[in-house]
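> To be precise about what I am sending: the file is called model-v3.cif and holds mmCIF, C-alpha atoms.
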data_start
#
loop_
_atom_site.label_atom_id
_atom_site.label_comp_id
_atom_site.auth_asym_id
_atom_site.auth_seq_id
_atom_site.Cartn_x
_atom_site.Cartn_y
_atom_site.Cartn_z
CA MET A 14 75.70 110.70 -97.00
CA MET A 15 77.01 112.72 -94.04
CA LEU A 16 76.83 115.93 -96.01
CA LYS A 17 73.19 115.34 -96.84
CA GLN A 18 72.40 114.74 -93.17
CA ALA A 19 74.18 117.94 -92.19
CA ALA A 20 72.31 119.89 -94.85
CA LYS A 21 69.00 118.53 -93.65
CA LYS A 22 69.80 119.46 -90.08
CA ALA A 23 70.78 122.95 -91.10
CA LEU A 24 67.49 123.41 -92.86
CA GLY A 25 65.59 122.21 -89.85
CA LEU A 26 64.11 119.18 -91.55
CA THR A 27 63.64 116.09 -89.45
CA SER A 28 64.22 112.61 -90.79
CA ARG A 29 60.48 112.26 -91.34
CA GLN A 30 60.49 114.92 -94.01
CA SER A 31 63.40 113.75 -96.09
CA THR A 32 63.14 114.35 -99.80
CA PRO A 33 66.45 113.87 -101.58
CA TRP A 34 66.75 116.72 -104.05
CA SER A 35 64.10 119.16 -102.89
CA VAL A 36 66.00 119.86 -99.66
CA GLY A 37 67.68 122.92 -101.06
CA ILE A 38 64.60 124.33 -102.73
CA PHE A 39 62.36 125.13 -99.77
CA ARG A 40 63.31 128.13 -97.70
CA SER A 41 61.49 127.57 -94.45
CA TYR A 42 62.04 128.91 -90.97
CA HIS A 43 64.70 127.13 -88.97
CA GLU A 44 63.39 124.80 -86.28
CA ASN A 45 64.81 127.09 -83.59
CA VAL A 46 62.79 129.98 -84.93
CA ILE A 47 59.62 127.90 -85.10
CA ASP A 48 60.25 126.74 -81.54
CA HIS A 49 60.60 130.29 -80.24
CA TYR A 50 57.57 131.37 -82.20
CA ASP A 51 55.31 128.54 -81.03
CA ASN A 52 56.63 128.46 -77.47
CA PRO A 53 57.99 131.90 -76.82
CA ARG A 54 59.73 132.21 -73.53
CA ASN A 55 59.30 135.18 -71.25
CA VAL A 56 56.46 136.97 -72.99
CA GLY A 57 55.03 139.68 -70.81
CA SER A 58 55.81 142.87 -68.95
CA PHE A 59 57.27 144.14 -65.74
CA ASP A 60 56.12 147.29 -64.06
CA LYS A 61 57.98 150.02 -65.84
CA ASN A 62 58.13 152.13 -62.72
CA ASP A 63 59.80 149.43 -60.64
CA PRO A 64 63.26 150.82 -59.82
CA ASN A 65 64.82 147.43 -60.49
CA VAL A 66 63.44 147.24 -64.00
CA GLY A 67 65.12 148.49 -67.15
CA THR A 68 62.97 148.87 -70.26
CA GLY A 69 64.32 148.85 -73.79
CA LEU A 70 61.87 149.99 -76.46
CA VAL A 71 63.15 149.86 -80.03
CA GLY A 72 61.68 149.84 -83.49
CA ALA A 73 62.54 149.00 -87.08
CA PRO A 74 60.62 151.52 -89.16
CA ALA A 75 61.52 149.89 -92.45
CA CYS A 76 59.24 146.93 -91.66
CA GLY A 77 57.07 148.47 -88.95
CA ASP A 78 58.40 146.25 -86.14
CA VAL A 79 58.37 147.28 -82.51
CA MET A 80 60.16 145.43 -79.70
CA LYS A 81 60.08 145.88 -75.95
CA LEU A 82 62.60 144.05 -73.78
CA GLN A 83 62.64 144.42 -70.00
CA ILE A 84 65.20 143.27 -67.45
CA LYS A 85 64.86 142.86 -63.73
CA VAL A 86 68.13 143.52 -61.95
CA ASP A 87 69.27 142.52 -58.48
CA GLU A 88 70.53 145.86 -57.21
CA LYS A 89 73.03 144.29 -54.84
CA THR A 90 74.79 142.05 -57.31
CA GLY A 91 74.04 143.90 -60.54
CA GLN A 92 72.89 140.64 -62.07
CA ILE A 93 69.88 140.28 -64.31
CA VAL A 94 67.51 137.94 -62.55
CA ASP A 95 64.60 137.96 -64.94
CA ALA A 96 63.58 139.26 -68.36
CA ARG A 97 60.42 139.77 -70.39
CA PHE A 98 59.70 140.78 -73.96
CA LYS A 99 56.86 141.88 -76.17
CA THR A 100 57.42 142.10 -79.89
CA PHE A 101 55.13 142.99 -82.77
CA GLY A 102 56.78 141.90 -85.96
CA CYS A 103 57.76 138.92 -88.05
CA GLY A 104 58.63 135.46 -86.73
CA SER A 105 62.34 136.22 -86.84
CA ALA A 106 61.90 139.35 -84.75
CA ILE A 107 59.81 137.52 -82.18
CA ALA A 108 62.29 134.65 -82.01
CA SER A 109 65.26 137.01 -81.74
CA SER A 110 63.79 138.84 -78.78
CA SER A 111 62.77 135.54 -77.16
CA VAL A 112 66.35 134.28 -77.45
CA ALA A 113 67.62 137.60 -76.09
CA THR A 114 65.53 137.28 -72.92
CA GLU A 115 66.83 133.77 -72.40
CA TRP A 116 70.42 134.76 -72.83
CA VAL A 117 70.40 137.77 -70.49
CA LYS A 118 69.03 135.90 -67.51
CA GLY A 119 71.60 135.22 -64.85
CA LYS A 120 74.23 137.45 -66.43
CA ALA A 121 75.84 140.64 -65.25
CA MET A 122 74.67 143.78 -66.99
CA ASP A 123 78.00 144.53 -68.56
CA ASP A 124 78.23 140.98 -69.87
CA VAL A 125 74.97 141.22 -71.79
CA LEU A 126 76.20 144.32 -73.55
CA THR A 127 78.60 142.04 -75.41
CA ILE A 128 75.82 139.89 -76.89
CA LYS A 129 76.11 140.38 -80.63
CA ASN A 130 73.30 140.19 -83.15
CA THR A 131 75.40 137.78 -85.20
CA GLU A 132 75.29 135.25 -82.37
CA ILE A 133 71.52 135.46 -82.19
CA ALA A 134 71.27 135.20 -85.95
CA LYS A 135 73.53 132.18 -85.99
CA HIS A 136 71.53 130.45 -83.26
CA LEU A 137 68.37 130.93 -85.30
CA SER A 138 70.01 130.41 -88.69
CA LEU A 139 68.48 133.67 -89.88
CA PRO A 140 68.78 134.36 -93.59
CA PRO A 141 70.54 137.59 -94.62
CA VAL A 142 67.24 139.37 -95.27
CA LYS A 143 66.28 138.87 -91.59
CA LEU A 144 69.57 139.88 -90.03
CA HIS A 145 68.17 143.23 -89.00
CA CYS A 146 65.72 141.41 -86.69
CA SER A 147 68.62 140.12 -84.62
CA MET A 148 70.13 143.62 -84.70
CA LEU A 149 66.89 144.93 -83.23
CA ALA A 150 67.19 142.42 -80.37
CA GLU A 151 70.77 143.46 -79.67
CA ASP A 152 69.67 147.11 -79.62
CA ALA A 153 66.79 146.23 -77.30
CA ILE A 154 69.18 144.65 -74.77
CA LYS A 155 71.41 147.71 -74.83
CA ALA A 156 68.43 150.04 -74.49
CA ALA A 157 67.15 148.10 -71.46
CA VAL A 158 70.53 148.26 -69.70
CA LYS A 159 70.85 151.95 -70.52
CA ASP A 160 67.39 152.66 -69.14
CA TYR A 161 68.14 150.81 -65.89
CA LYS A 162 71.41 152.65 -65.39
CA GLU A 163 69.78 156.02 -66.04
CA LYS A 164 67.09 155.19 -63.52
CA ARG A 165 69.70 154.28 -60.90
CA VAL A 166 71.45 157.59 -61.46
CA LYS A 167 68.19 159.45 -60.96
CA THR A 168 67.22 157.56 -57.81
CA ASN A 169 70.71 157.93 -56.37
CA GLY A 170 70.68 161.61 -57.21
CA ALA A 171 67.27 162.07 -55.58
CA ALA A 172 68.35 160.12 -52.51
CA ALA A 173 71.48 162.21 -52.14
CA ALA A 174 69.45 165.43 -52.47
CA GLY A 175 66.99 164.10 -49.88
CA GLU A 176 69.83 163.45 -47.44
CA THR A 177 71.31 166.90 -47.77
CA THR A 178 67.96 168.63 -47.20
CA GLN A 179 67.21 166.49 -44.19
CA ALA A 180 70.53 167.18 -42.55
CA MET B 21 97.32 136.77 -142.81
CA VAL B 22 96.08 139.77 -140.91
CA ALA B 23 92.53 139.02 -141.98
CA SER B 24 92.67 135.63 -140.32
CA MET B 25 94.21 137.25 -137.25
CA THR B 26 91.19 139.52 -137.04
CA THR B 27 88.85 136.56 -137.18
CA LEU B 28 90.81 134.81 -134.48
CA ILE B 29 90.69 137.89 -132.25
CA ARG B 30 86.95 138.35 -132.82
CA ARG B 31 86.32 134.76 -131.77
CA THR B 32 88.32 134.91 -128.57
CA TYR B 33 87.17 138.39 -127.60
CA PRO B 34 83.53 138.66 -128.59
CA LEU B 35 82.39 142.25 -128.94
CA THR B 36 79.33 143.99 -130.25
CA SER B 37 79.46 144.67 -133.91
CA ARG B 38 79.47 148.41 -133.31
CA CYS B 39 83.09 148.52 -132.19
CA ASN B 40 85.40 149.22 -135.04
CA SER B 41 87.95 146.59 -135.88
CA LEU B 42 90.93 148.89 -135.57
CA ALA B 43 90.12 149.47 -131.95
CA THR B 44 89.82 145.74 -131.42
CA ILE B 45 93.15 144.98 -132.95
CA ALA B 46 94.97 147.76 -131.13
CA ALA B 47 93.48 146.76 -127.79
CA ILE B 48 94.32 143.11 -128.16
CA GLN B 49 97.72 143.99 -129.46
CA SER B 50 98.64 145.69 -126.26
CA GLN B 51 97.82 142.46 -124.46
CA THR B 52 99.43 140.01 -126.86
CA GLN B 53 102.37 142.24 -127.77
CA LEU B 54 102.34 141.81 -131.52
CA PRO B 55 104.76 144.09 -133.29
CA ARG B 56 102.96 147.23 -134.39
CA GLU B 57 104.61 147.16 -137.80
CA SER B 58 102.57 144.16 -138.98
CA LEU B 59 99.36 146.10 -138.39
CA GLN B 60 100.64 149.41 -139.68
CA HIS B 61 98.78 149.35 -142.93
CA HIS B 62 95.48 149.03 -141.02
CA SER B 63 96.03 152.25 -139.13
CA SER B 64 93.83 155.07 -140.12
CA ALA B 65 95.01 158.59 -140.71
CA GLU B 66 94.82 159.19 -136.94
CA GLY B 67 98.20 157.53 -136.62
CA ARG B 68 99.23 155.65 -133.52
CA LEU B 69 96.35 155.04 -131.20
CA ARG B 70 97.07 154.36 -127.59
CA PHE B 71 94.79 152.08 -125.66
CA SER B 72 95.06 150.96 -122.11
CA GLY B 73 94.35 147.38 -122.88
CA ARG B 74 90.61 147.75 -122.49
CA VAL B 75 88.42 147.46 -125.53
CA PHE B 76 87.52 150.91 -126.67
CA CYS B 77 84.28 151.23 -128.59
CA SER B 78 83.43 154.32 -130.52
CA GLU B 79 79.90 154.03 -129.21
CA SER B 80 79.28 153.23 -125.59
CA GLY B 81 76.98 150.71 -124.04
CA GLY B 82 76.17 148.57 -127.00
CA GLU B 83 72.60 147.40 -127.09
CA GLU B 84 71.52 148.79 -123.75
CA ARG B 85 71.88 152.39 -124.76
CA ARG B 86 68.82 153.63 -126.52
CA SER B 87 69.63 155.53 -129.62
CA SER B 88 66.78 157.85 -130.36
CA GLY B 89 63.92 156.17 -132.15
CA CYS B 90 62.32 152.82 -132.61
CA TRP B 91 64.65 149.85 -132.98
CA ASN B 92 62.45 148.49 -135.70
CA CYS B 93 61.51 151.36 -137.95
CA GLY B 94 63.53 154.28 -136.61
CA GLU B 95 60.43 156.35 -135.79
CA LYS B 96 61.64 159.04 -133.41
CA ALA B 97 58.92 159.37 -130.78
CA ALA B 98 58.68 155.77 -129.59
CA PHE B 99 57.86 155.91 -125.85
CA LEU B 100 57.58 152.33 -124.53
CA PHE B 101 55.76 151.44 -127.75
CA CYS B 102 56.12 152.55 -131.35
CA ASN B 103 52.79 153.70 -132.76
CA SER B 104 54.21 153.72 -136.24
CA CYS B 105 55.19 150.06 -136.61
CA ARG B 106 53.51 148.82 -133.42
CA SER B 107 56.57 147.23 -131.90
CA ILE B 108 57.36 147.20 -128.20
CA GLN B 109 60.47 149.06 -127.14
CA PRO B 110 63.08 147.86 -124.65
CA VAL B 111 62.90 149.21 -121.10
CA ASP B 112 64.63 152.54 -120.65
CA ASP B 113 65.77 152.87 -117.03
CA SER B 114 65.79 156.64 -117.21
CA VAL B 115 62.01 156.62 -117.59
CA ASP B 116 60.37 156.97 -114.19
CA TYR B 117 56.92 155.86 -113.09
CA PHE B 118 55.41 159.35 -113.26
CA GLN B 119 56.44 159.68 -116.87
CA ILE B 120 54.81 156.38 -117.73
CA PHE B 121 51.47 157.69 -116.53
CA GLY B 122 52.00 161.16 -117.92
CA LEU B 123 51.95 162.69 -114.45
CA GLU B 124 53.92 165.51 -112.94
CA LYS B 125 56.58 164.39 -110.49
CA LYS B 126 54.51 165.37 -107.50
CA TYR B 127 53.38 163.36 -104.50
CA GLU B 128 49.75 164.36 -104.80
CA ILE B 129 48.12 162.61 -107.69
CA ASP B 130 44.64 161.48 -108.49
CA PRO B 131 44.84 157.69 -108.06
CA GLY B 132 41.76 157.31 -110.25
CA SER B 133 43.75 158.55 -113.20
CA LEU B 134 46.06 155.56 -113.04
CA GLU B 135 43.69 152.75 -113.89
CA GLY B 136 42.64 153.94 -117.31
CA LYS B 137 46.16 154.63 -118.43
CA TYR B 138 47.30 151.30 -117.01
CA LYS B 139 44.78 149.41 -119.11
CA ASP B 140 45.70 151.39 -122.20
CA TRP B 141 49.34 150.48 -121.78
CA GLN B 142 48.69 146.81 -121.19
CA LYS B 143 46.60 146.70 -124.37
CA LYS B 144 49.79 147.54 -126.20
CA LEU B 145 52.51 145.93 -124.11
CA HIS B 146 51.13 142.76 -122.64
CA PRO B 147 53.16 139.62 -123.39
CA ASP B 148 49.99 137.74 -124.40
CA LEU B 149 49.74 139.98 -127.45
CA VAL B 150 53.13 139.21 -128.89
CA HIS B 151 53.19 135.43 -129.27
CA ASN B 152 53.96 135.71 -132.97
CA LYS B 153 56.76 138.18 -132.61
CA SER B 154 60.50 137.66 -132.26
CA LYS B 155 62.06 136.48 -129.01
CA LYS B 156 63.62 139.91 -128.63
CA GLU B 157 60.28 141.65 -128.76
CA ARG B 158 58.64 139.09 -126.48
CA ASP B 159 61.33 139.82 -123.91
CA TYR B 160 60.74 143.55 -124.29
CA ALA B 161 57.02 142.97 -123.76
CA ALA B 162 57.63 141.00 -120.57
CA GLU B 163 59.90 143.70 -119.13
CA GLN B 164 57.82 146.71 -120.17
CA SER B 165 54.59 145.18 -119.00
CA ALA B 166 56.14 144.29 -115.65
CA LYS B 167 57.52 147.79 -115.26
CA VAL B 168 54.13 149.34 -115.98
CA THR B 169 52.49 147.05 -113.43
CA GLU B 170 55.11 147.91 -110.83
CA ALA B 171 54.70 151.61 -111.63
CA CYS B 172 50.94 151.43 -111.14
CA ARG B 173 51.30 149.52 -107.88
CA THR B 174 53.89 151.96 -106.53
CA LEU B 175 51.96 155.10 -107.40
CA THR B 176 48.56 153.87 -106.24
CA LYS B 177 49.38 153.55 -102.56
CA ARG B 178 50.35 156.66 -100.63
CA LEU B 179 53.21 155.12 -98.71
CA SER B 180 54.95 153.50 -101.65
CA ARG B 181 54.45 156.68 -103.68
CA ALA B 182 56.05 158.71 -100.90
CA MET B 183 59.06 156.40 -100.72
CA TYR B 184 59.39 156.38 -104.50
CA ILE B 185 59.33 160.13 -104.86
CA MET B 186 61.95 160.40 -102.13
CA LYS B 187 64.06 157.87 -103.98
CA LEU B 188 63.79 159.95 -107.16
CA ASN B 189 65.17 162.82 -105.13
CA GLY B 190 68.09 160.76 -103.93
CA VAL B 191 66.81 160.02 -100.41
CA ASN B 192 66.69 156.34 -99.66
CA VAL B 193 64.11 155.75 -96.96
CA ASN B 194 64.28 152.03 -96.47
CA GLU B 195 67.39 151.97 -94.26
CA GLU B 196 67.36 149.16 -91.75
CA GLU B 197 68.20 151.34 -88.83
CA THR B 198 66.82 151.02 -85.31
CA ILE B 199 64.85 153.88 -83.85
CA THR B 200 64.37 154.61 -80.18
CA ASP B 201 61.89 157.52 -80.20
CA PRO B 202 59.94 156.68 -77.04
CA THR B 203 56.81 158.67 -77.87
CA LEU B 204 56.30 157.08 -81.26
CA LEU B 205 57.20 153.57 -80.11
CA MET B 206 55.00 153.67 -77.05
CA GLU B 207 52.10 154.84 -79.17
CA ILE B 208 52.64 152.04 -81.67
CA MET B 209 53.10 149.47 -78.92
CA GLU B 210 49.80 150.48 -77.36
CA LEU B 211 48.10 150.51 -80.74
CA ARG B 212 49.28 147.01 -81.59
CA GLU B 213 48.32 145.77 -78.12
CA THR B 214 44.84 147.22 -78.49
CA ILE B 215 44.47 145.55 -81.85
CA SER B 216 45.57 142.17 -80.57
CA GLU B 217 43.19 142.42 -77.61
CA ALA B 218 40.18 143.57 -79.65
CA ASP B 219 37.65 140.83 -80.29
CA ASP B 220 34.76 142.06 -82.34
CA SER B 221 34.67 143.68 -85.73
CA THR B 222 33.04 146.87 -84.42
CA ALA B 223 35.97 147.64 -82.18
CA LEU B 224 38.44 146.71 -84.90
CA ASN B 225 36.75 148.88 -87.50
CA GLN B 226 36.74 151.77 -85.08
CA ILE B 227 40.46 151.40 -84.51
CA ARG B 228 40.94 151.13 -88.24
CA SER B 229 39.22 154.40 -88.98
CA GLN B 230 41.30 156.11 -86.30
CA VAL B 231 44.45 154.77 -87.88
CA GLN B 232 43.27 155.85 -91.36
CA GLU B 233 42.84 159.35 -90.02
CA LYS B 234 46.36 159.31 -88.66
CA LEU B 235 47.60 158.08 -92.02
CA LYS B 236 45.92 160.98 -93.77
CA HIS B 237 47.35 163.45 -91.28
CA TRP B 238 50.89 162.17 -91.65
CA SER B 239 50.50 161.95 -95.39
CA ASP B 240 49.67 165.66 -95.41
CA SER B 241 52.64 166.35 -93.15
CA PHE B 242 54.79 164.44 -95.59
CA VAL B 243 53.69 166.67 -98.46
CA GLU B 244 54.54 169.77 -96.47
CA ALA B 245 57.91 168.48 -95.38
CA PHE B 246 58.77 167.17 -98.81
CA GLU B 247 57.84 170.35 -100.63
CA SER B 248 59.83 172.45 -98.19
CA GLN B 249 62.74 170.10 -98.78
CA ARG B 250 62.84 169.10 -95.13
CA PHE B 251 63.83 165.57 -96.01
CA ASP B 252 64.57 164.44 -92.46
CA ASP B 253 61.06 165.36 -91.39
CA ALA B 254 59.73 163.73 -94.53
CA VAL B 255 61.49 160.49 -93.59
CA LYS B 256 59.91 160.63 -90.13
CA CYS B 257 56.50 161.01 -91.70
CA ILE B 258 57.12 158.00 -93.88
CA GLN B 259 58.24 155.98 -90.85
CA ARG B 260 55.03 156.78 -89.05
CA MET B 261 53.01 155.93 -92.10
CA THR B 262 54.76 152.57 -92.30
CA TYR B 263 53.81 151.79 -88.72
CA TYR B 264 50.20 152.77 -89.28
CA GLU B 265 50.01 150.75 -92.48
CA ARG B 266 51.33 147.69 -90.64
CA ALA B 267 48.71 148.22 -87.94
CA CYS B 268 46.00 148.39 -90.63
CA GLU B 269 47.26 145.16 -92.14
CA GLU B 270 46.99 143.45 -88.76
CA ILE B 271 43.43 144.72 -88.34
CA VAL B 272 42.45 143.44 -91.74
CA LYS B 273 43.95 140.06 -90.91
CA LYS B 274 41.80 139.84 -87.81
CA LEU B 275 38.60 140.96 -89.46
#
What would you get if you wrote out this structure as structure tokens?

Amino acid sequence: MMLKQAAKKALGLTSRQSTPWSVGIFRSYHENVIDHYDNPRNVGSFDKNDPNVGTGLVGAPACGDVMKLQIKVDEKTGQIVDARFKTFGCGSAIASSSVATEWVKGKAMDDVLTIKNTEIAKHLSLPPVKLHCSMLAEDAIKAAVKDYKEKRVKTNGAAAAGETTQA
Amino acid sequence: MVASMTTLIRRTYPLTSRCNSLATIAAIQSQTQLPRESLQHHSSAEGRLRFSGRVFCSESGGEERRSSGCWNCGEKAAFLFCNSCRSIQPVDDSVDYFQIFGLEKKYEIDPGSLEGKYKDWQKKLHPDLVHNKSKKERDYAAEQSAKVTEACRTLTKRLSRAMYIMKLNGVNVNEEETITDPTLLMEIMELRETISEADDSTALNQIRSQVQEKLKHWSDSFVEAFESQRFDDAVKCIQRMTYYERACEEIVKKL
């Protein structure tokens, strides 16, 4: 009895939809995926040129997906204070990037670099064929952090040059 | 006594009938450690045969390997279908899609030439035509007919044809790798955004024709890259084409 309940939960079926033997037959999206798809968090954009914004733009050419993930960083603390995403792709890709924006908020930049695609996939119960969607989200996070750091280097470099010429 | 031993061995280790019994006995013997002397009088003039313990057949592959000719009447030139006795042949994996349609292995083909040939094949291979035949032949019909359908589908569309011809040349395009090319991705992002914001069919059709033009352009670039054996560039062309095809699909969905 307990095993059946666990199986139902894993497949995202509520008690209303219980059918004894057909549980294993339907391969539907997990309820977490549906939730992120219907109510995606943090859809939108920041101004790319804002010095506190890092933009990660990645794509999966095999399925024609494109994912943009942006982070807003507090320059004093190095913490990510806000995040936005925009993804054109399948439900799993959209959900993966939505989860990614939720998980990076409030974390230090170096912490988010340790977020693994397998954790995202597990949270969404992604089937093997959709694992690359979570990989795309992991790559998007890394790209956003990289972009922010490169921007900081440029602005610091420019500021330093400005100081020397003014002196 | 040895005869019954042979029967016992054949039952526990089922093999295709093509393998000769001496090989069977010798192979099993190395596993069961029977004294060689009891089997001596079965040895052929070759003397002691050493086997590693694996079954060693004088012919390889058993039923999967196609000996030349029709399985039914032996007619030599039986390509997918034997015109002599009208029986359907089993699928030969070494036959590629271009061969099925009698086309040169080139990317540029006349898609109009596919339909006629496709219908001709299905008139001979379709499973509906073989209800009265043996199970074996009905299975062959199902597989051959499916392969011909898949071949037609693959060769009709430019993108799938491009990926297939790359595959035939040993380059597997469909790797699930992430790309970060900012120019391409920004262009695609903007394209998809424009599509999702467009409301009326005029705007959408306009975008669609622009994308079709891009598809044609990159298809031509693919041909150039492929024929000059610049496979990396060819892969990039295919990637772009994939993105444009996806965009077209989204437009069609909205229309």
> For the PyMOL selection byres ((chain B) within 6 of (chain A)), applied here, can you spell out every residue it catches as a PDB file with C-alpha atoms, in the coordinates of the input?

ATOM      1  CA  ASN B 194      64.280 152.030 -96.470  1.00  0.00           C
ATOM      2  CA  GLU B 196      67.360 149.160 -91.750  1.00  0.00           C
ATOM      3  CA  THR B 198      66.820 151.020 -85.310  1.00  0.00           C
ATOM      4  CA  ILE B 199      64.850 153.880 -83.850  1.00  0.00           C
ATOM      5  CA  THR B 200      64.370 154.610 -80.180  1.00  0.00           C
ATOM      6  CA  GLN B 259      58.240 155.980 -90.850  1.00  0.00           C
ATOM      7  CA  THR B 262      54.760 152.570 -92.300  1.00  0.00           C
ATOM      8  CA  TYR B 263      53.810 151.790 -88.720  1.00  0.00           C
TER       9      TYR B 263
END
> So that I can check the surroundings of B:Ile108, please list as a list of chain:residue names every protein, DNA and RNA residue that reaches within 8 Å of it, counting only C-alpha atoms and ignoring chain neighbours fewer than 2 positions away.
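Counting only the stated atoms, we get B:Leu100, B:Phe101, B:Cys102, B:Arg106, B:Pro110, B:Lys144, B:Leu145, B:Glu157, B:Tyr160, B:Ala161.
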> Name the residues that the PyMOL selection byres ((chain B and resi 247) around 12) picks from the file above, as a ChimeraX atom specification, using the file's chain letters and numbers.
/B:125-128,182,185-186,189,240-246,248-251,253-254
> Can you measure atom CA of B:Asp252 to atom CA of B:Thr176 for me? One decimal in Å is fine.
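Distance between the two atoms: 23.6 Å.
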> Just give me the gap between atom CA of B:Trp238 and atom CA of B:Met261 in Å, one decimal is fine.
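The value is 6.6 Å.
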> What is the distance, in Å and to one decimal place, between atom CA of A:Ile133 and atom CA of B:Glu197?
17.5 Å
